[in-house]
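Pasted below: run.cif, mmCIF, C-alpha atoms.
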data_input
loop_
_atom_site.group_PDB
_atom_site.id
_atom_site.type_symbol
_atom_site.label_atom_id
_atom_site.label_comp_id
_atom_site.auth_asym_id
_atom_site.auth_seq_id
_atom_site.Cartn_x
_atom_site.Cartn_y
_atom_site.Cartn_z
ATOM 1 C CA MET A 296 -30.320 -80.723 -50.701
ATOM 2 C CA ALA A 297 -31.522 -82.293 -47.474
ATOM 3 C CA SER A 298 -32.150 -80.056 -44.494
ATOM 4 C CA GLU A 299 -29.271 -79.528 -42.096
ATOM 5 C CA LYS A 300 -31.305 -81.226 -39.363
ATOM 6 C CA LEU A 301 -31.769 -84.324 -41.513
ATOM 7 C CA GLN A 302 -28.134 -84.469 -42.582
ATOM 8 C CA ASP A 303 -27.035 -84.198 -38.954
ATOM 9 C CA GLY A 304 -29.547 -86.871 -37.989
ATOM 10 C CA LEU A 305 -28.293 -89.285 -40.635
ATOM 11 C CA ARG A 306 -24.746 -88.720 -39.382
ATOM 12 C CA SER A 307 -25.702 -90.042 -35.971
ATOM 13 C CA VAL A 308 -26.889 -93.336 -34.492
ATOM 14 C CA ALA A 309 -30.526 -94.023 -35.352
ATOM 15 C CA ALA A 310 -32.638 -96.002 -32.902
ATOM 16 C CA GLY A 311 -35.713 -97.890 -33.994
ATOM 17 C CA LEU A 312 -38.887 -97.263 -32.044
ATOM 18 C CA LEU A 313 -40.353 -100.731 -31.619
ATOM 19 C CA THR A 314 -44.127 -101.080 -31.464
ATOM 20 C CA PRO A 315 -45.310 -102.364 -28.071
ATOM 21 C CA PHE A 316 -48.334 -104.665 -28.402
ATOM 22 C CA ASP A 317 -50.478 -105.827 -25.522
ATOM 23 C CA ASP A 318 -51.510 -109.453 -25.012
ATOM 24 C CA ASP A 319 -54.433 -108.961 -27.408
ATOM 25 C CA GLY A 320 -52.168 -107.690 -30.171
ATOM 26 C CA GLU A 321 -53.274 -104.070 -29.865
ATOM 27 C CA ILE A 322 -50.804 -101.191 -29.969
ATOM 28 C CA ASP A 323 -49.984 -99.698 -26.573
ATOM 29 C CA HIS A 324 -49.442 -96.052 -27.478
ATOM 30 C CA GLU A 325 -48.707 -95.056 -23.883
ATOM 31 C CA LYS A 326 -45.757 -97.447 -23.762
ATOM 32 C CA LEU A 327 -44.555 -96.257 -27.169
ATOM 33 C CA THR A 328 -44.662 -92.687 -25.889
ATOM 34 C CA ALA A 329 -42.778 -93.655 -22.738
ATOM 35 C CA ASN A 330 -40.057 -95.386 -24.783
ATOM 36 C CA ALA A 331 -39.603 -92.431 -27.103
ATOM 37 C CA GLU A 332 -39.367 -89.987 -24.204
ATOM 38 C CA ALA A 333 -36.957 -92.172 -22.234
ATOM 39 C CA LEU A 334 -34.623 -92.945 -25.146
ATOM 40 C CA SER A 335 -34.520 -89.260 -26.028
ATOM 41 C CA SER A 336 -33.746 -88.359 -22.419
ATOM 42 C CA ASP A 337 -30.974 -90.978 -22.501
ATOM 43 C CA GLY A 338 -29.224 -89.068 -25.268
ATOM 44 C CA LEU A 339 -30.484 -90.454 -28.570
ATOM 45 C CA SER A 340 -31.626 -87.891 -31.142
ATOM 46 C CA THR A 341 -32.376 -89.797 -34.368
ATOM 47 C CA PHE A 342 -35.269 -92.237 -34.511
ATOM 48 C CA LEU A 343 -36.805 -94.667 -36.989
ATOM 49 C CA ALA A 344 -40.576 -94.709 -36.597
ATOM 50 C CA CYS A 345 -42.629 -97.505 -38.130
ATOM 51 C CA ALA A 346 -39.461 -99.239 -39.298
ATOM 52 C CA ASN A 347 -38.659 -102.858 -40.085
ATOM 53 C CA ILE A 348 -37.860 -103.489 -36.432
ATOM 54 C CA SER A 349 -41.153 -101.751 -35.547
ATOM 55 C CA GLU A 350 -42.953 -104.673 -37.238
ATOM 56 C CA TYR A 351 -43.896 -102.454 -40.175
ATOM 57 C CA HIS A 352 -45.328 -105.348 -42.168
ATOM 58 C CA SER A 353 -47.647 -106.384 -39.324
ATOM 59 C CA LEU A 354 -49.214 -102.929 -39.115
ATOM 60 C CA SER A 355 -52.204 -101.710 -41.099
ATOM 61 C CA HIS A 356 -51.988 -98.514 -43.151
ATOM 62 C CA GLN A 357 -53.759 -96.506 -40.449
ATOM 63 C CA GLU A 358 -51.707 -98.080 -37.672
ATOM 64 C CA ARG A 359 -48.518 -96.966 -39.442
ATOM 65 C CA ILE A 360 -49.818 -93.421 -39.453
ATOM 66 C CA ASP A 361 -50.928 -93.630 -35.816
ATOM 67 C CA VAL A 362 -47.619 -95.119 -34.609
ATOM 68 C CA THR A 363 -45.651 -92.435 -36.424
ATOM 69 C CA GLU A 364 -47.841 -89.653 -35.059
ATOM 70 C CA THR A 365 -47.399 -90.965 -31.522
ATOM 71 C CA SER A 366 -43.630 -91.130 -32.014
ATOM 72 C CA VAL A 367 -43.304 -87.598 -33.374
ATOM 73 C CA SER A 368 -45.582 -86.182 -30.671
ATOM 74 C CA ALA A 369 -43.545 -87.846 -27.916
ATOM 75 C CA LEU A 370 -40.163 -86.618 -29.118
ATOM 76 C CA PRO A 371 -38.704 -83.124 -28.752
ATOM 77 C CA ASP A 372 -38.809 -80.794 -31.747
ATOM 78 C CA ASP A 373 -35.082 -81.134 -32.341
ATOM 79 C CA ALA A 374 -35.268 -84.926 -32.700
ATOM 80 C CA CYS A 375 -34.829 -86.264 -36.230
ATOM 81 C CA VAL A 376 -37.522 -88.777 -37.208
ATOM 82 C CA LEU A 377 -37.464 -91.030 -40.263
ATOM 83 C CA ALA A 378 -40.714 -92.879 -40.983
ATOM 84 C CA GLY A 379 -41.041 -96.175 -42.852
ATOM 85 C CA VAL A 380 -42.785 -96.178 -46.230
ATOM 86 C CA GLY A 381 -43.406 -99.124 -48.536
ATOM 87 C CA GLY A 382 -45.797 -100.948 -50.809
ATOM 88 C CA SER A 383 -47.156 -99.927 -54.186
ATOM 89 C CA THR A 384 -46.428 -96.450 -55.501
ATOM 90 C CA LYS A 385 -49.979 -95.281 -54.727
ATOM 91 C CA THR A 386 -49.981 -96.805 -51.252
ATOM 92 C CA ALA A 387 -46.570 -95.296 -50.516
ATOM 93 C CA ARG A 388 -47.655 -91.875 -51.781
ATOM 94 C CA ASP A 389 -50.708 -91.964 -49.525
ATOM 95 C CA LEU A 390 -48.501 -92.795 -46.556
ATOM 96 C CA ILE A 391 -46.037 -90.061 -47.496
ATOM 97 C CA ALA A 392 -48.859 -87.510 -47.595
ATOM 98 C CA ALA A 393 -49.950 -88.536 -44.095
ATOM 99 C CA TYR A 394 -46.390 -88.416 -42.778
ATOM 100 C CA ASP A 395 -45.852 -84.973 -44.295
ATOM 101 C CA GLU A 396 -48.902 -83.784 -42.330
ATOM 102 C CA ILE A 397 -47.438 -85.261 -39.136
ATOM 103 C CA GLY A 398 -44.101 -83.537 -39.732
ATOM 104 C CA VAL A 399 -41.489 -86.282 -40.055
ATOM 105 C CA ASP A 400 -38.004 -85.290 -41.180
ATOM 106 C CA ALA A 401 -37.558 -87.963 -43.861
ATOM 107 C CA MET A 402 -39.210 -90.946 -45.491
ATOM 108 C CA MET A 403 -37.303 -94.206 -45.075
ATOM 109 C CA ILE A 404 -38.286 -96.246 -48.119
ATOM 110 C CA MET A 405 -38.582 -99.877 -47.102
ATOM 111 C CA PRO A 406 -36.872 -102.642 -49.114
ATOM 112 C CA PRO A 407 -38.945 -103.786 -52.099
ATOM 113 C CA ASP A 408 -41.344 -106.587 -51.205
ATOM 114 C CA HIS A 409 -42.047 -107.600 -54.807
ATOM 115 C CA THR A 410 -41.039 -111.065 -55.947
ATOM 116 C CA TYR A 411 -39.536 -109.647 -59.149
ATOM 117 C CA VAL A 412 -37.767 -106.298 -59.433
ATOM 118 C CA HIS A 413 -35.684 -104.491 -62.034
ATOM 119 C CA GLU A 414 -32.992 -101.940 -61.184
ATOM 120 C CA ARG A 415 -34.420 -99.358 -63.558
ATOM 121 C CA GLY A 416 -37.887 -99.950 -62.181
ATOM 122 C CA LEU A 417 -36.605 -99.480 -58.637
ATOM 123 C CA LEU A 418 -34.988 -96.189 -59.594
ATOM 124 C CA GLU A 419 -38.302 -95.045 -61.102
ATOM 125 C CA TYR A 420 -40.074 -96.085 -57.893
ATOM 126 C CA TYR A 421 -37.677 -94.116 -55.685
ATOM 127 C CA GLU A 422 -37.920 -91.101 -57.976
ATOM 128 C CA ALA A 423 -41.720 -91.175 -57.849
ATOM 129 C CA LEU A 424 -41.684 -91.253 -54.056
ATOM 130 C CA ALA A 425 -39.040 -88.529 -53.826
ATOM 131 C CA ASN A 426 -41.241 -86.337 -56.003
ATOM 132 C CA ALA A 427 -44.233 -86.997 -53.742
ATOM 133 C CA ALA A 428 -42.494 -86.075 -50.473
ATOM 134 C CA GLU A 429 -41.992 -82.632 -49.004
ATOM 135 C CA VAL A 430 -38.875 -83.909 -47.225
ATOM 136 C CA GLY A 431 -35.943 -86.072 -48.251
ATOM 137 C CA ILE A 432 -36.161 -89.819 -48.730
ATOM 138 C CA VAL A 433 -33.745 -92.488 -47.510
ATOM 139 C CA PRO A 434 -33.927 -95.774 -49.462
ATOM 140 C CA TYR A 435 -33.320 -98.832 -47.293
ATOM 141 C CA VAL A 436 -31.198 -101.095 -49.491
ATOM 142 C CA ARG A 437 -31.610 -104.654 -48.275
ATOM 143 C CA GLY A 438 -32.787 -108.029 -49.529
ATOM 144 C CA PHE A 439 -31.462 -107.711 -53.074
ATOM 145 C CA GLU A 440 -28.039 -107.437 -54.683
ATOM 146 C CA PRO A 441 -27.783 -104.087 -56.478
ATOM 147 C CA SER A 442 -24.949 -103.174 -58.804
ATOM 148 C CA VAL A 443 -22.532 -100.377 -58.023
ATOM 149 C CA SER A 444 -23.941 -98.413 -60.959
ATOM 150 C CA PHE A 445 -27.458 -98.768 -59.504
ATOM 151 C CA LEU A 446 -26.319 -97.437 -56.135
ATOM 152 C CA ALA A 447 -24.517 -94.535 -57.808
ATOM 153 C CA SER A 448 -27.638 -93.723 -59.844
ATOM 154 C CA LEU A 449 -29.720 -93.832 -56.678
ATOM 155 C CA THR A 450 -27.626 -91.033 -55.162
ATOM 156 C CA GLU A 451 -28.343 -88.870 -58.215
ATOM 157 C CA ILE A 452 -32.118 -88.829 -57.733
ATOM 158 C CA GLU A 453 -33.187 -85.420 -56.515
ATOM 159 C CA GLY A 454 -34.659 -85.799 -53.048
ATOM 160 C CA VAL A 455 -32.538 -88.763 -51.966
ATOM 161 C CA ALA A 456 -30.921 -87.464 -48.769
ATOM 162 C CA GLY A 457 -29.264 -90.661 -47.645
ATOM 163 C CA ILE A 458 -28.975 -94.381 -48.262
ATOM 164 C CA LYS A 459 -29.398 -96.965 -45.528
ATOM 165 C CA TYR A 460 -27.027 -99.670 -46.750
ATOM 166 C CA ALA A 461 -27.747 -103.102 -45.263
ATOM 167 C CA ILE A 462 -25.725 -105.458 -47.432
ATOM 168 C CA PRO A 463 -22.777 -107.319 -45.843
ATOM 169 C CA ASP A 464 -20.382 -106.158 -48.562
ATOM 170 C CA ALA A 465 -18.022 -103.380 -47.502
ATOM 171 C CA VAL A 466 -16.161 -103.482 -50.837
ATOM 172 C CA LYS A 467 -19.301 -102.722 -52.841
ATOM 173 C CA LEU A 468 -20.129 -99.975 -50.348
ATOM 174 C CA GLY A 469 -16.765 -98.313 -50.895
ATOM 175 C CA GLN A 470 -17.158 -98.497 -54.665
ATOM 176 C CA ALA A 471 -20.648 -97.008 -54.500
ATOM 177 C CA VAL A 472 -19.607 -94.171 -52.197
ATOM 178 C CA ALA A 473 -16.780 -93.287 -54.576
ATOM 179 C CA ALA A 474 -19.063 -93.397 -57.607
ATOM 180 C CA GLY A 475 -22.061 -91.610 -56.102
ATOM 181 C CA ASP A 476 -23.117 -88.052 -55.363
ATOM 182 C CA ASP A 477 -21.216 -86.440 -52.487
ATOM 183 C CA ASP A 478 -24.382 -84.795 -51.111
ATOM 184 C CA VAL A 479 -25.904 -88.120 -50.048
ATOM 185 C CA VAL A 480 -25.212 -89.442 -46.529
ATOM 186 C CA TRP A 481 -24.500 -93.174 -46.373
ATOM 187 C CA VAL A 482 -25.771 -94.984 -43.271
ATOM 188 C CA ASP A 483 -24.761 -98.407 -41.986
ATOM 189 C CA GLY A 484 -28.044 -100.309 -41.874
ATOM 190 C CA MET A 485 -26.550 -103.402 -40.235
ATOM 191 C CA ALA A 486 -25.991 -101.905 -36.791
ATOM 192 C CA GLU A 487 -22.920 -101.826 -34.556
ATOM 193 C CA PRO A 488 -21.030 -104.952 -35.741
ATOM 194 C CA HIS A 489 -20.488 -103.378 -39.182
ATOM 195 C CA ALA A 490 -19.992 -99.800 -38.005
ATOM 196 C CA LEU A 491 -16.193 -99.766 -38.100
ATOM 197 C CA SER A 492 -15.687 -101.540 -41.432
ATOM 198 C CA PHE A 493 -18.444 -99.502 -43.091
ATOM 199 C CA TRP A 494 -17.192 -96.240 -41.570
ATOM 200 C CA VAL A 495 -13.810 -96.470 -43.245
ATOM 201 C CA GLN A 496 -15.626 -97.073 -46.547
ATOM 202 C CA GLY A 497 -17.618 -93.865 -46.219
ATOM 203 C CA VAL A 498 -20.688 -94.238 -44.002
ATOM 204 C CA GLU A 499 -21.282 -91.366 -41.596
ATOM 205 C CA GLY A 500 -23.908 -92.873 -39.307
ATOM 206 C CA PHE A 501 -25.342 -96.226 -38.293
ATOM 207 C CA THR A 502 -28.564 -97.811 -37.137
ATOM 208 C CA ALA A 503 -28.975 -99.253 -33.685
ATOM 209 C CA GLY A 504 -28.821 -102.907 -32.694
ATOM 210 C CA VAL A 505 -28.226 -103.240 -28.975
ATOM 211 C CA THR A 506 -28.252 -99.431 -28.848
ATOM 212 C CA ASN A 507 -32.031 -99.718 -29.162
ATOM 213 C CA PHE A 508 -32.051 -100.679 -25.487
ATOM 214 C CA GLU A 509 -28.532 -99.580 -24.427
ATOM 215 C CA PRO A 510 -28.069 -96.019 -25.732
ATOM 216 C CA ARG A 511 -24.674 -95.606 -24.082
ATOM 217 C CA LEU A 512 -23.042 -98.046 -26.458
ATOM 218 C CA GLY A 513 -24.100 -96.379 -29.693
ATOM 219 C CA GLN A 514 -23.221 -92.914 -28.493
ATOM 220 C CA ALA A 515 -19.768 -93.997 -27.330
ATOM 221 C CA LEU A 516 -19.159 -95.904 -30.564
ATOM 222 C CA LEU A 517 -20.164 -92.893 -32.671
ATOM 223 C CA THR A 518 -17.754 -90.687 -30.717
ATOM 224 C CA ALA A 519 -14.919 -93.176 -31.167
ATOM 225 C CA LEU A 520 -15.551 -93.375 -34.917
ATOM 226 C CA ARG A 521 -15.625 -89.600 -35.282
ATOM 227 C CA ASP A 522 -12.392 -89.344 -33.280
ATOM 228 C CA GLU A 523 -10.812 -92.077 -35.436
ATOM 229 C CA ASP A 524 -10.062 -93.988 -32.258
ATOM 230 C CA TRP A 525 -10.152 -97.336 -34.013
ATOM 231 C CA VAL A 526 -9.026 -99.399 -31.012
ATOM 232 C CA ARG A 527 -11.838 -98.064 -28.829
ATOM 233 C CA ALA A 528 -14.345 -98.315 -31.689
ATOM 234 C CA ARG A 529 -13.399 -101.954 -32.193
ATOM 235 C CA ALA A 530 -13.820 -102.733 -28.498
ATOM 236 C CA LEU A 531 -17.248 -101.094 -28.380
ATOM 237 C CA GLN A 532 -18.302 -102.774 -31.589
ATOM 238 C CA ASN A 533 -17.230 -106.152 -30.252
ATOM 239 C CA ALA A 534 -19.236 -105.584 -27.078
ATOM 240 C CA ALA A 535 -22.383 -105.516 -29.221
ATOM 241 C CA VAL A 536 -21.567 -108.629 -31.241
ATOM 242 C CA PRO A 537 -22.777 -111.431 -28.896
ATOM 243 C CA TYR A 538 -26.275 -110.006 -28.490
ATOM 244 C CA GLN A 539 -26.462 -109.146 -32.183
ATOM 245 C CA GLN A 540 -25.462 -112.709 -33.069
ATOM 246 C CA PHE A 541 -28.162 -113.939 -30.705
ATOM 247 C CA ARG A 542 -30.666 -111.906 -32.728
ATOM 248 C CA ASN A 543 -29.632 -113.839 -35.841
ATOM 249 C CA GLY A 544 -30.837 -117.098 -34.320
ATOM 250 C CA THR A 545 -33.762 -119.266 -35.318
ATOM 251 C CA GLY A 546 -35.298 -119.764 -31.886
ATOM 252 C CA GLU A 547 -37.046 -122.987 -30.977
ATOM 253 C CA ASP A 548 -39.037 -125.182 -33.407
ATOM 254 C CA ASN A 549 -37.921 -123.173 -36.415
ATOM 255 C CA THR A 550 -35.253 -123.266 -39.139
ATOM 256 C CA LEU A 551 -35.583 -119.709 -40.498
ATOM 257 C CA ALA A 552 -32.726 -117.335 -39.706
ATOM 258 C CA ASP A 553 -33.269 -114.070 -37.795
ATOM 259 C CA ALA A 554 -36.632 -115.283 -36.477
ATOM 260 C CA ILE A 555 -35.971 -113.898 -32.988
ATOM 261 C CA SER A 556 -34.449 -110.586 -34.072
ATOM 262 C CA VAL A 557 -37.385 -108.405 -33.038
ATOM 263 C CA PRO A 558 -38.442 -110.264 -29.856
ATOM 264 C CA ALA A 559 -34.791 -110.309 -28.757
ATOM 265 C CA VAL A 560 -34.693 -106.506 -28.905
ATOM 266 C CA LYS A 561 -38.076 -106.227 -27.227
ATOM 267 C CA TYR A 562 -36.829 -108.420 -24.399
ATOM 268 C CA GLY A 563 -33.693 -106.279 -24.218
ATOM 269 C CA LEU A 564 -35.922 -103.238 -23.778
ATOM 270 C CA GLU A 565 -37.662 -104.944 -20.867
ATOM 271 C CA LEU A 566 -34.346 -105.895 -19.255
ATOM 272 C CA ALA A 567 -33.169 -102.289 -19.568
ATOM 273 C CA GLY A 568 -36.311 -100.855 -17.970
ATOM 274 C CA TYR A 569 -38.064 -99.737 -21.154
ATOM 275 C CA ASN A 570 -41.207 -101.251 -22.671
ATOM 276 C CA GLY A 571 -40.928 -104.192 -25.042
ATOM 277 C CA GLY A 572 -44.331 -105.777 -25.194
ATOM 278 C CA ALA A 573 -45.628 -108.688 -27.231
ATOM 279 C CA VAL A 574 -45.098 -109.300 -30.953
ATOM 280 C CA ARG A 575 -47.553 -109.977 -33.758
ATOM 281 C CA GLU A 576 -47.610 -112.964 -36.062
ATOM 282 C CA PRO A 577 -45.746 -114.090 -38.134
ATOM 283 C CA ILE A 578 -43.182 -113.337 -35.383
ATOM 284 C CA VAL A 579 -43.333 -115.215 -32.086
ATOM 285 C CA GLY A 580 -41.963 -114.296 -28.689
ATOM 286 C CA LEU A 581 -38.837 -115.728 -27.103
ATOM 287 C CA SER A 582 -38.954 -119.152 -25.520
ATOM 288 C CA ALA A 583 -38.014 -119.509 -21.851
ATOM 289 C CA ALA A 584 -34.590 -120.810 -22.871
ATOM 290 C CA ASP A 585 -34.015 -117.868 -25.205
ATOM 291 C CA GLN A 586 -35.108 -115.432 -22.503
ATOM 292 C CA GLN A 587 -32.528 -116.939 -20.186
ATOM 293 C CA ARG A 588 -29.878 -116.653 -22.888
ATOM 294 C CA ALA A 589 -30.850 -113.005 -23.490
ATOM 295 C CA GLU A 590 -30.530 -112.257 -19.778
ATOM 296 C CA THR A 591 -27.038 -113.740 -19.692
ATOM 297 C CA LEU A 592 -25.945 -111.784 -22.760
ATOM 298 C CA TYR A 593 -27.447 -108.592 -21.352
ATOM 299 C CA GLU A 594 -25.479 -109.020 -18.122
ATOM 300 C CA GLU A 595 -22.287 -109.597 -20.114
ATOM 301 C CA LEU A 596 -22.997 -106.472 -22.159
ATOM 302 C CA GLN A 597 -23.419 -104.416 -18.998
ATOM 303 C CA SER A 598 -20.133 -105.772 -17.662
ATOM 304 C CA ASP A 599 -18.346 -104.846 -20.889
ATOM 305 C CA LEU A 600 -19.798 -101.344 -20.872
ATOM 306 C CA ASP A 601 -18.877 -100.795 -17.224
ATOM 307 C CA ARG A 602 -15.317 -101.648 -18.205
ATOM 308 C CA LEU A 603 -15.228 -99.562 -21.399
ATOM 309 C CA LEU A 604 -17.179 -96.438 -20.426
#
Can you turn what I pasted into structure tokens?
Amino acid sequence: MASEKLQDGLRSVAAGLLTPFDDDGEIDHEKLTANAEALSSDGLSTFLACANISEYHSLSHQERIDVTETSVSALPDDACVLAGVGGSTKTARDLIAAYDEIGVDAMMIMPPDHTYVHERGLLEYYEALANAAEVGIVPYVRGFEPSVSFLASLTEIEGVAGIKYAIPDAVKLGQAVAAGDDDVVWVDGMAEPHALSFWVQGVEGFTAGVTNFEPRLGQALLTALRDEDWVRARALQNAAVPYQQFRNGTGEDNTLADAISVPAVKYGLELAGYNGGAVREPIVGLSAADQQRAETLYEELQSDLDRLL
């Protein structure tokens, strides 16, 4: 059984702590600390440290540890912190051991980055990492098409506290929730635009999109979902959609989808008075035209929230 603190944290809105880099590509830990403190003061209580949106794959093993330690140190003791873990079983175990020393509340197991995977092999991987951790693990299901039986089996692994479901298939989600263990908390891993449709299928929390830089939206949406105020939830969800769709864009001189997802959020942080910072390759920053588009969408978001809140 997961701790009560972790279960409560998974049943909330989880904000990613993005990694601010300076112009030389070095981590600015002071700005990371300032972001964590400010977002906590603004009402958020569950955080993803060293996550996908934190540019996990651009960080070295030691940098992942350092970023997570900075995040945990900056947040109050009652904050719930999930830390990203990935790579080979040995590499992941080493990271888990370091995170356990830091005192995170759960290990968020990153999507598999192998070219070839097998469902049974993935289950063995998750079980090995669950056995290595002193706290619960939360597999991040994204980038592959698992069967319903796989998802149900995943909930049965001792130590799996929750599942971050990031597949745009609400029907499969509902089937998996019905087939799985009731002790596991399902989390919408596709942010606010999927919160309502996933909620009615059984999720109890969601990850942040625009809430990463506009905490009011996620908190209001969570309240509306818990109150089963579907009209208000829909309106709040829709307020997030334009900026989230912007994040799905390719940016300039590129054909790959979602290329500006991280820099779009970092720019949103800057617009909101937090710290965004530069990005590391293979990501690039926003073009001047995309910055202008982000500013327009941010202003529209503020107008919507002033009307709804």
So that all listed atoms of segment 546-564 of chain A fit with 8 Å spare on each side, what axis-aligned box centre and edge lengths in Å, to one decimal, would you give as JSON?
{"center_x": -35.9, "center_y": -114.2, "center_z": -32.1, "size_x": 22.3, "size_y": 37.9, "size_z": 32.7}
Exercise. Quick one, how far is atom CA of Phe439 of chain A from atom CA of Ala471 of chain A?
Worked result: 15.3 Å
For this session: Using all atoms listed in the file, find the one residue out of A:Asp476, A:Glu429, A:Glu364, A:Asp599 that sits nearest to Ser298 of chain A.
Result: A:Glu429
Problem set entry | Test item: the PyMOL selection byres ((chain A and resi 574) around 8) resolved as a PyMOL selection string | chain A and resi 315-316+320+558+572-573+575-576+578-580
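Applied to this file, the PyMOL selection byres ((chain A and resi 438) around 10) selects Pro406, Pro407, Asp408, Tyr435, Val436, Arg437, Phe439, Glu440, Pro441, Ala461 and Ile462 of chain A.
Within the 12 Å cut-off around Gly546 of chain A, using only C-alpha atoms and omitting residues fewer than 6 positions from it on the same chain, the listed residues are A:Ala552, A:Asp553, A:Ala554, A:Ile555, A:Ser556, A:Val557, A:Pro558, A:Ala559, A:Ile578, A:Val579, A:Gly580, A:Leu581, A:Ser582, A:Ala583, A:Ala584, A:Asp585, A:Gln586, A:Arg588, A:Ala589.
Distances here use only C-alpha atoms; by that measure, the residue among A:Thr328, A:Asn347, A:Thr506, A:Gln587 closest to Val362 of chain A is A:Thr328.
Here the question is which of A:Ala428, A:Ala486, A:Leu468, A:Val399 gets nearest to Asp372 of chain A using all atoms listed in the file, and that residue is A:Val399.
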For this session: Step by step: start from the point (-21.5, -93.6, -53.9) in the file's coordinates, keep every protein, DNA or RNA residue that has an atom no farther than 9 Å from it, count all atoms listed in the file, and write the set as a ChimeraX atom specification.
Result: /A:443-444,446-450,468-477,479,481,497
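Excluding Met485 of chain A itself and same-chain residues fewer than 3 positions from it, the residues having an atom within 10 Å of it are Arg437, Lys459, Tyr460, Ala461, Ile462, Pro463, Val482, Pro488, His489, Ala490, Phe493, Phe501, Thr502, Ala503, Gly504 and Gln539 of chain A, counting all atoms listed in the file.
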Requested write-out: C-alpha atoms of the selected residues, as a PDB file, in the coordinates of the input:
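The resulting result.pdb:
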ATOM      1  CA  ARG A 437     -31.610-104.654 -48.275  1.00  0.00           C
ATOM      2  CA  LYS A 459     -29.398 -96.965 -45.528  1.00  0.00           C
ATOM      3  CA  TYR A 460     -27.027 -99.670 -46.750  1.00  0.00           C
ATOM      4  CA  ALA A 461     -27.747-103.102 -45.263  1.00  0.00           C
ATOM      5  CA  ILE A 462     -25.725-105.458 -47.432  1.00  0.00           C
ATOM      6  CA  PRO A 463     -22.777-107.319 -45.843  1.00  0.00           C
ATOM      7  CA  VAL A 482     -25.771 -94.984 -43.271  1.00  0.00           C
ATOM      8  CA  PRO A 488     -21.030-104.952 -35.741  1.00  0.00           C
ATOM      9  CA  HIS A 489     -20.488-103.378 -39.182  1.00  0.00           C
ATOM     10  CA  ALA A 490     -19.992 -99.800 -38.005  1.00  0.00           C
ATOM     11  CA  PHE A 493     -18.444 -99.502 -43.091  1.00  0.00           C
ATOM     12  CA  PHE A 501     -25.342 -96.226 -38.293  1.00  0.00           C
ATOM     13  CA  THR A 502     -28.564 -97.811 -37.137  1.00  0.00           C
ATOM     14  CA  ALA A 503     -28.975 -99.253 -33.685  1.00  0.00           C
ATOM     15  CA  GLY A 504     -28.821-102.907 -32.694  1.00  0.00           C
ATOM     16  CA  GLN A 539     -26.462-109.146 -32.183  1.00  0.00           C
TER      17      GLN A 539
END
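Using all atoms listed in the file, the smallest distance between any of A:Val380, A:Leu390, A:Trp494, A:Leu566 and Asp522 of chain A comes from A:Trp494.
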For this session: Go through A:Gln357, A:Thr314, A:Gln514, A:Gln302 and flag the residue nearest Ile432 of chain A, using all atoms listed in the file for the distances.
Result: A:Gln302
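Close to (-48.8, -93.8, -56.7), meaning no more than 10 Å away when counting only C-alpha atoms, sit the residues Gly382, Ser383, Thr384, Lys385, Thr386, Ala387, Arg388, Asp389, Tyr420, Ala423, Leu424 and Ala427 of chain A.
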Exercise. Mind telling me what the PyMOL selection byres ((chain A and resi 531) around 12) catches here, as a PyMOL selection string?
Worked result: chain A and resi 487-491+505-506+511-520+524-530+532-537+596-597+599-604
Selection from above, C-alpha atoms, as a short mmCIF file (atom, residue, chain, number, x, y, z; two decimals), in the coordinates of the input, can you write it?
data_model
loop_
_atom_site.label_atom_id
_atom_site.label_comp_id
_atom_site.auth_asym_id
_atom_site.auth_seq_id
_atom_site.Cartn_x
_atom_site.Cartn_y
_atom_site.Cartn_z
CA GLU A 487 -22.92 -101.83 -34.56
CA PRO A 488 -21.03 -104.95 -35.74
CA HIS A 489 -20.49 -103.38 -39.18
CA ALA A 490 -19.99 -99.80 -38.01
CA LEU A 491 -16.19 -99.77 -38.10
CA VAL A 505 -28.23 -103.24 -28.98
CA THR A 506 -28.25 -99.43 -28.85
CA ARG A 511 -24.67 -95.61 -24.08
CA LEU A 512 -23.04 -98.05 -26.46
CA GLY A 513 -24.10 -96.38 -29.69
CA GLN A 514 -23.22 -92.91 -28.49
CA ALA A 515 -19.77 -94.00 -27.33
CA LEU A 516 -19.16 -95.90 -30.56
CA LEU A 517 -20.16 -92.89 -32.67
CA THR A 518 -17.75 -90.69 -30.72
CA ALA A 519 -14.92 -93.18 -31.17
CA LEU A 520 -15.55 -93.38 -34.92
CA ASP A 524 -10.06 -93.99 -32.26
CA TRP A 525 -10.15 -97.34 -34.01
CA VAL A 526 -9.03 -99.40 -31.01
CA ARG A 527 -11.84 -98.06 -28.83
CA ALA A 528 -14.34 -98.32 -31.69
CA ARG A 529 -13.40 -101.95 -32.19
CA ALA A 530 -13.82 -102.73 -28.50
CA GLN A 532 -18.30 -102.77 -31.59
CA ASN A 533 -17.23 -106.15 -30.25
CA ALA A 534 -19.24 -105.58 -27.08
CA ALA A 535 -22.38 -105.52 -29.22
CA VAL A 536 -21.57 -108.63 -31.24
CA PRO A 537 -22.78 -111.43 -28.90
CA LEU A 596 -23.00 -106.47 -22.16
CA GLN A 597 -23.42 -104.42 -19.00
CA ASP A 599 -18.35 -104.85 -20.89
CA LEU A 600 -19.80 -101.34 -20.87
CA ASP A 601 -18.88 -100.80 -17.22
CA ARG A 602 -15.32 -101.65 -18.20
CA LEU A 603 -15.23 -99.56 -21.40
CA LEU A 604 -17.18 -96.44 -20.43
#
